[in-house]
Amino acid sequence: MPNTLIIGSGCYIPENIIEGSYFKDSVFYDDNNQLIEKQTEEIIQKFVDITEIERRRYLSPEDFNSDLGLRASLEAIEDAGIDKEEIDYIIYATNFGEVDVDGIPNFMPSLSARLKNKLDIKNRSCVNYDMIFGCPGWVESLILADTLIKAKKAKTILVVGGETLSRVTDEFDRNKMIFADGAGAVVVTATEDTTVGVLADSTLCDNGEELNYLANGPSLNPASKEPRQYIQMKGRKIYEYALKNVPDAIKATIEKANLDISDITKILIHQANAKMDYAMIGRLFKLYGQKDYDHAISPMTIQEFGNSSVATVPTLFDLIRKGKMEGQTFIPGSHILFTSVGAGMNINCVIYKFPEGKI
């Protein structure tokens with residue numbers, strides 16, 4: 001049975017840098033639709049203190065999700081050195097599809113079909129598939145790609161994560177400062193070397209009361225006449241859920257690969273909230289009897305790029321792989337870990353081993 005190896009990667013980070021001052025004239029309401037009386041500057045600073053998000057990136061008005069995915073995919077395909085017609089599947093992780101400038105989501109045709117069209121792939125046997133799985137969508141797409149390859153249904157797959165969350169946020173919701181735009185992609189292929197590539201994975205889906213921890217809803221401003229639905233989240237509930245469940249899920253996946261935490265050289269975790277990520281990784285190490293950990297094992301991009309949902313993990317992977325994050329590298333022959341938690345609520349994790357040669 002073949003294994004799944006990453007042979008190329010790419011990402012697209014929008015050029016529009018959005019500072020905290022961008023929100024200085026905002027008026028915010030809380031989850032109970034009550035006006036928040038605090039000074040906006042105070043709200044912004046408290047937000048930074050908790051999340052560490054100083055800046056985020058927004059796409060240009062003329063761009064769409066598929067444009068971001070196209071740029072990341074072209075880079076990944078070139079990096080992989082393959083002919084695009086070799087691609088058997090395009091799996092595109094998204095939550096809102098092709099959102100227009102008015103914030104209206106569009107899933108027909110699918111985002112993966114749009115991307116195939118923009119890539120000008122003529123191969124009719126290249127299957128397009130959208131993965132709607134919350135923020136863990138890209139990691140779940142990688143898991144699906146590995147399943148298809150192991151089942152010998154495909155040999156080469158383009159795995160993309162792209163989102164334009166700036167277009168689906170409520171202007172009256174302070175959580176809008178978390179969200180950002182971007183895209184990341186990898187090309188994976190089958191390898192007969194079963195000692196490298198994707199070694200183990202796991203997925204957990206809690207869809208009971210957790211279902212509405214992150215969902216769409218009307219504006220928090222009770223006077224708003226806008227009929228649109230916006231992304232909304234119950235921050236405290238998500239924090240408690242993640243801290244309780246994610247570390248155990250990661251540990252179980254490490255054990256599934258017959259490894260120990262000491263074997264993992266990098267943890268690429270979804271960038272949603274710096275405080276939450278630190279807490280989850282800290283608790284993971286405590287499960288192994290370690291009180292402290294070197295924060296370099298879990299590199300962060302959220303301070304500069306914000307939360308771009310499905311794009312965060314593949315973007316982080318591409319930046320490190322190409323030496324674009326100061327002080328961060330992947331070691332040939334080492335094990336790394338991809339993990340995410342998000343809307344559903346869903347959790348997933350992948351253990352990946354690099355070949356001894358080229359990363």
# chains A, B, ... in the order shown; residues from 1 in each chain; ligands from 1
$ residues_around --residues "Phe285 (chain A)" --least-positions-apart "2" --cutoff "12 Å" --atoms "only C-alpha atoms" --output "MDAnalysis selection string"
chainID A and resid 247:248 250:251 260:262 264 267 278:283 287:295 297:298
$ residues_around --residues "Thr329 (chain A)" --least-positions-apart "2" --cutoff "10 Å" --atoms "only C-alpha atoms" --output "number ranges by chain"
A: 265-266, 317, 319-327, 331-332, 359
$ closest_residue --among "A:Tyr241, A:Tyr92, A:Phe305, A:Tyr230" --to "Asp173 (chain A)" --atoms "only C-alpha atoms"
A:Tyr230
$ residues_around --residues "Ile43 (chain A)" --least-positions-apart "6" --cutoff "12 Å" --atoms "only C-alpha atoms" --output "list in words"
Gly20, Ser21, Phe23, Lys24, Asp25, Ser26, Val27, Phe28, Tyr29, Asp30, Ile36, Glu37, Asp49, Ile50, Asp173, Arg174, Asn175 and Met177 of chain A
$ select_by_dssp --residues "region 61-221 of chain A" --states "strand (DSSP E or B)" --output "NGL selection string"
:A and (89-93 or 97 or 106 or 127-131 or 156-164 or 179 or 181-191 or 197-205 or 214-217)
$ closest_residue --among "A:Asn33, A:Thr164, A:Ser112, A:Thr4" --to "Ser60 (chain A)" --atoms "only C-alpha atoms"
A:Thr164
$ closest_atom_pairs --of "region 148-179 of chain A" --to "region 64-78 of chain A" --cutoff "7 Å" --atoms "only C-alpha atoms" --output "Markdown table"
| residue | atom | partner | partner_atom | distance |
| --- | --- | --- | --- | --- |
| A:Val160 | CA | A:Gly69 | CA | 6.7 |
| A:Gly162 | CA | A:Gly69 | CA | 5.7 |
| A:Glu163 | CA | A:Asn65 | CA | 5.9 |
| A:Thr164 | CA | A:Asn65 | CA | 6.0 |
$ write_last_selection --atoms "N, CA, C and O atoms" --output "CSV table (one decimal), in the first residue's frame"
chain,number,residue,atom,x,y,z
A,160,VAL,N,-5.7,22.1,-1.6
A,160,VAL,CA,-5.7,23.6,-1.4
A,160,VAL,C,-6.6,24.0,-0.3
A,160,VAL,O,-7.6,23.4,0.0
A,162,GLY,N,-8.3,27.7,0.9
A,162,GLY,CA,-8.4,29.1,0.7
A,162,GLY,C,-9.7,29.7,1.3
A,162,GLY,O,-10.7,29.1,1.3
A,163,GLU,N,-9.5,31.0,1.8
A,163,GLU,CA,-10.7,31.6,2.4
A,163,GLU,C,-10.6,33.1,2.3
A,163,GLU,O,-9.5,33.7,2.4
A,164,THR,N,-11.8,33.7,2.3
A,164,THR,CA,-11.9,35.2,2.2
A,164,THR,C,-12.8,35.6,3.3
A,164,THR,O,-13.9,36.1,3.1
$ residues_around --residues "Asn348 (chain A)" --least-positions-apart "3" --cutoff "6 Å" --atoms "only C-alpha atoms" --output "CSV table (one decimal) with N, CA, C and O atoms, in the first residue's frame"
chain,number,residue,atom,x,y,z
A,202,SER,N,-5.9,11.2,12.5
A,202,SER,CA,-7.2,10.9,13.3
A,202,SER,C,-8.1,12.1,13.1
A,202,SER,O,-7.6,13.3,12.9
A,203,THR,N,-9.4,11.9,13.2
A,203,THR,CA,-10.4,12.9,13.1
A,203,THR,C,-11.5,12.7,14.1
A,203,THR,O,-11.9,11.5,14.3
A,339,THR,N,-2.2,19.9,12.8
A,339,THR,CA,-3.4,19.7,13.6
A,339,THR,C,-4.3,21.0,13.6
A,339,THR,O,-3.8,22.1,13.4
A,340,SER,N,-5.6,20.8,13.7
A,340,SER,CA,-6.5,21.9,13.7
A,340,SER,C,-7.8,21.6,14.4
A,340,SER,O,-8.2,20.4,14.6
$ closest_atom_pairs --of "region 270-335 of chain A" --to "region 136-147 of chain A" --cutoff "8 Å" --atoms "only C-alpha atoms" --output "JSON lines"
{"residue": "A:His270", "atom": "CA", "partner": "A:Pro136", "partner_atom": "CA", "distance": 7.6}
{"residue": "A:Ser309", "atom": "CA", "partner": "A:Pro136", "partner_atom": "CA", "distance": 7.8}
{"residue": "A:Val310", "atom": "CA", "partner": "A:Trp138", "partner_atom": "CA", "distance": 5.2}
{"residue": "A:Ala311", "atom": "CA", "partner": "A:Trp138", "partner_atom": "CA", "distance": 7.2}
{"residue": "A:Val313", "atom": "CA", "partner": "A:Trp138", "partner_atom": "CA", "distance": 7.5}
{"residue": "A:Pro314", "atom": "CA", "partner": "A:Trp138", "partner_atom": "CA", "distance": 7.4}
$ write_last_selection --atoms "all heavy atoms" --output "PDB file, in the first residue's frame"
ATOM      1  N   HIS A 270      -3.358  25.052  13.744  1.00  0.00           N
ATOM      2  CA  HIS A 270      -4.183  26.115  13.169  1.00  0.00           C
ATOM      3  C   HIS A 270      -4.034  27.399  13.967  1.00  0.00           C
ATOM      4  O   HIS A 270      -4.115  27.396  15.200  1.00  0.00           O
ATOM      5  CB  HIS A 270      -5.649  25.674  13.145  1.00  0.00           C
ATOM      6  CG  HIS A 270      -6.592  26.775  12.790  1.00  0.00           C
ATOM      7  ND1 HIS A 270      -6.465  27.501  11.621  1.00  0.00           N
ATOM      8  CD2 HIS A 270      -7.668  27.282  13.450  1.00  0.00           C
ATOM      9  CE1 HIS A 270      -7.422  28.414  11.581  1.00  0.00           C
ATOM     10  NE2 HIS A 270      -8.163  28.298  12.668  1.00  0.00           N
ATOM     11  N   SER A 309      -8.302  30.779   8.463  1.00  0.00           N
ATOM     12  CA  SER A 309      -9.021  29.504   8.482  1.00  0.00           C
ATOM     13  C   SER A 309      -8.226  28.390   7.813  1.00  0.00           C
ATOM     14  O   SER A 309      -7.107  28.094   8.213  1.00  0.00           O
ATOM     15  CB  SER A 309     -10.401  29.675   7.845  1.00  0.00           C
ATOM     16  OG  SER A 309     -11.177  28.505   7.967  1.00  0.00           O
ATOM     17  N   VAL A 310      -8.788  27.785   6.776  1.00  0.00           N
ATOM     18  CA  VAL A 310      -8.172  26.629   6.122  1.00  0.00           C
ATOM     19  C   VAL A 310      -6.823  26.942   5.484  1.00  0.00           C
ATOM     20  O   VAL A 310      -6.071  26.027   5.124  1.00  0.00           O
ATOM     21  CB  VAL A 310      -9.105  26.047   5.048  1.00  0.00           C
ATOM     22  CG1 VAL A 310     -10.346  25.459   5.684  1.00  0.00           C
ATOM     23  CG2 VAL A 310      -9.500  27.118   4.029  1.00  0.00           C
ATOM     24  N   ALA A 311      -6.491  28.211   5.337  1.00  0.00           N
ATOM     25  CA  ALA A 311      -5.227  28.585   4.691  1.00  0.00           C
ATOM     26  C   ALA A 311      -4.061  28.653   5.675  1.00  0.00           C
ATOM     27  O   ALA A 311      -2.898  28.672   5.253  1.00  0.00           O
ATOM     28  CB  ALA A 311      -5.371  29.930   3.987  1.00  0.00           C
ATOM     29  N   VAL A 313      -2.621  26.581   8.042  1.00  0.00           N
ATOM     30  CA  VAL A 313      -1.649  25.484   8.163  1.00  0.00           C
ATOM     31  C   VAL A 313      -0.821  25.305   6.887  1.00  0.00           C
ATOM     32  O   VAL A 313       0.410  25.235   6.958  1.00  0.00           O
ATOM     33  CB  VAL A 313      -2.338  24.174   8.583  1.00  0.00           C
ATOM     34  CG1 VAL A 313      -1.347  23.012   8.558  1.00  0.00           C
ATOM     35  CG2 VAL A 313      -2.935  24.307   9.987  1.00  0.00           C
ATOM     36  N   PRO A 314      -1.433  25.239   5.685  1.00  0.00           N
ATOM     37  CA  PRO A 314      -0.595  25.087   4.490  1.00  0.00           C
ATOM     38  C   PRO A 314       0.294  26.299   4.224  1.00  0.00           C
ATOM     39  O   PRO A 314       1.399  26.149   3.688  1.00  0.00           O
ATOM     40  CB  PRO A 314      -1.608  24.888   3.359  1.00  0.00           C
ATOM     41  CG  PRO A 314      -2.882  25.481   3.867  1.00  0.00           C
ATOM     42  CD  PRO A 314      -2.872  25.206   5.341  1.00  0.00           C
TER      43      PRO A 314
END
$ select_by_dssp --residues "region 93-312 of chain A" --states "alpha helix (DSSP H)" --output "PyMOL selection string"
chain A and resi 111-119+137-150+235-256+274-287+302-305+312
$ closest_residue --among "A:Val350, A:Pro227, A:Ser219, A:Ile336" --to "Gln34 (chain A)" --atoms "only C-alpha atoms"
A:Ser219
$ atom_distance --atom1 "CA of Leu220 (chain A)" --atom2 "CA of Ile178 (chain A)"
16.2 Å
$ residues_around --residues "Gln229 (chain A)" --least-positions-apart "3" --cutoff "8 Å" --atoms "only C-alpha atoms" --output "MDAnalysis selection string"
chainID A and resid 168 216:219
$ residues_around --residues "region 151-153 of chain A" --least-positions-apart "3" --cutoff "9 Å" --atoms "only C-alpha atoms" --output "list in words"
Met1, Pro2, Asp88, Asp146, Thr147, Leu148 and Ala190 of chain A
$ write_last_selection --atoms "all heavy atoms" --output "mmCIF file, in the first residue's frame"
data_model
loop_
_atom_site.group_PDB
_atom_site.id
_atom_site.type_symbol
_atom_site.label_atom_id
_atom_site.label_comp_id
_atom_site.auth_asym_id
_atom_site.auth_seq_id
_atom_site.Cartn_x
_atom_site.Cartn_y
_atom_site.Cartn_z
ATOM 1 N N MET A 1 0.846 -1.199 0.000
ATOM 2 C CA MET A 1 0.000 0.000 0.000
ATOM 3 C C MET A 1 0.881 1.247 0.000
ATOM 4 O O MET A 1 1.772 1.394 0.842
ATOM 5 C CB MET A 1 -0.901 -0.002 1.245
ATOM 6 C CG MET A 1 -1.866 1.153 1.325
ATOM 7 S SD MET A 1 -3.110 0.918 2.618
ATOM 8 C CE MET A 1 -2.079 0.859 4.083
ATOM 9 N N PRO A 2 0.668 2.147 -0.949
ATOM 10 C CA PRO A 2 1.527 3.341 -1.046
ATOM 11 C C PRO A 2 1.297 4.330 0.088
ATOM 12 O O PRO A 2 0.266 4.309 0.758
ATOM 13 C CB PRO A 2 1.114 3.947 -2.394
ATOM 14 C CG PRO A 2 -0.296 3.488 -2.598
ATOM 15 C CD PRO A 2 -0.359 2.111 -2.001
ATOM 16 N N ASP A 88 -4.834 14.038 -10.480
ATOM 17 C CA ASP A 88 -6.012 13.172 -10.486
ATOM 18 C C ASP A 88 -7.184 13.772 -9.718
ATOM 19 O O ASP A 88 -8.337 13.522 -10.045
ATOM 20 C CB ASP A 88 -5.665 11.812 -9.874
ATOM 21 C CG ASP A 88 -4.569 11.103 -10.637
ATOM 22 O OD1 ASP A 88 -4.717 10.937 -11.853
ATOM 23 O OD2 ASP A 88 -3.552 10.724 -10.014
ATOM 24 N N ASP A 146 -4.640 11.309 1.289
ATOM 25 C CA ASP A 146 -3.896 10.123 1.696
ATOM 26 C C ASP A 146 -4.754 8.866 1.557
ATOM 27 O O ASP A 146 -4.275 7.817 1.114
ATOM 28 C CB ASP A 146 -3.434 10.293 3.150
ATOM 29 C CG ASP A 146 -2.656 9.091 3.660
ATOM 30 O OD1 ASP A 146 -1.650 8.727 3.035
ATOM 31 O OD2 ASP A 146 -3.073 8.510 4.689
ATOM 32 N N THR A 147 -6.031 8.970 1.914
ATOM 33 C CA THR A 147 -6.954 7.831 1.778
ATOM 34 C C THR A 147 -7.101 7.417 0.319
ATOM 35 O O THR A 147 -7.074 6.229 -0.019
ATOM 36 C CB THR A 147 -8.329 8.190 2.368
ATOM 37 O OG1 THR A 147 -8.178 8.535 3.742
ATOM 38 C CG2 THR A 147 -9.294 7.030 2.245
ATOM 39 N N LEU A 148 -7.255 8.395 -0.562
ATOM 40 C CA LEU A 148 -7.399 8.112 -1.991
ATOM 41 C C LEU A 148 -6.141 7.467 -2.572
ATOM 42 O O LEU A 148 -6.214 6.549 -3.397
ATOM 43 C CB LEU A 148 -7.722 9.400 -2.747
ATOM 44 C CG LEU A 148 -9.106 9.999 -2.490
ATOM 45 C CD1 LEU A 148 -9.183 11.422 -3.021
ATOM 46 C CD2 LEU A 148 -10.193 9.138 -3.130
ATOM 47 N N ALA A 190 1.890 9.563 -4.680
ATOM 48 C CA ALA A 190 2.094 8.241 -4.087
ATOM 49 C C ALA A 190 3.574 7.884 -4.070
ATOM 50 O O ALA A 190 4.320 8.185 -5.009
ATOM 51 C CB ALA A 190 1.319 7.197 -4.887
#
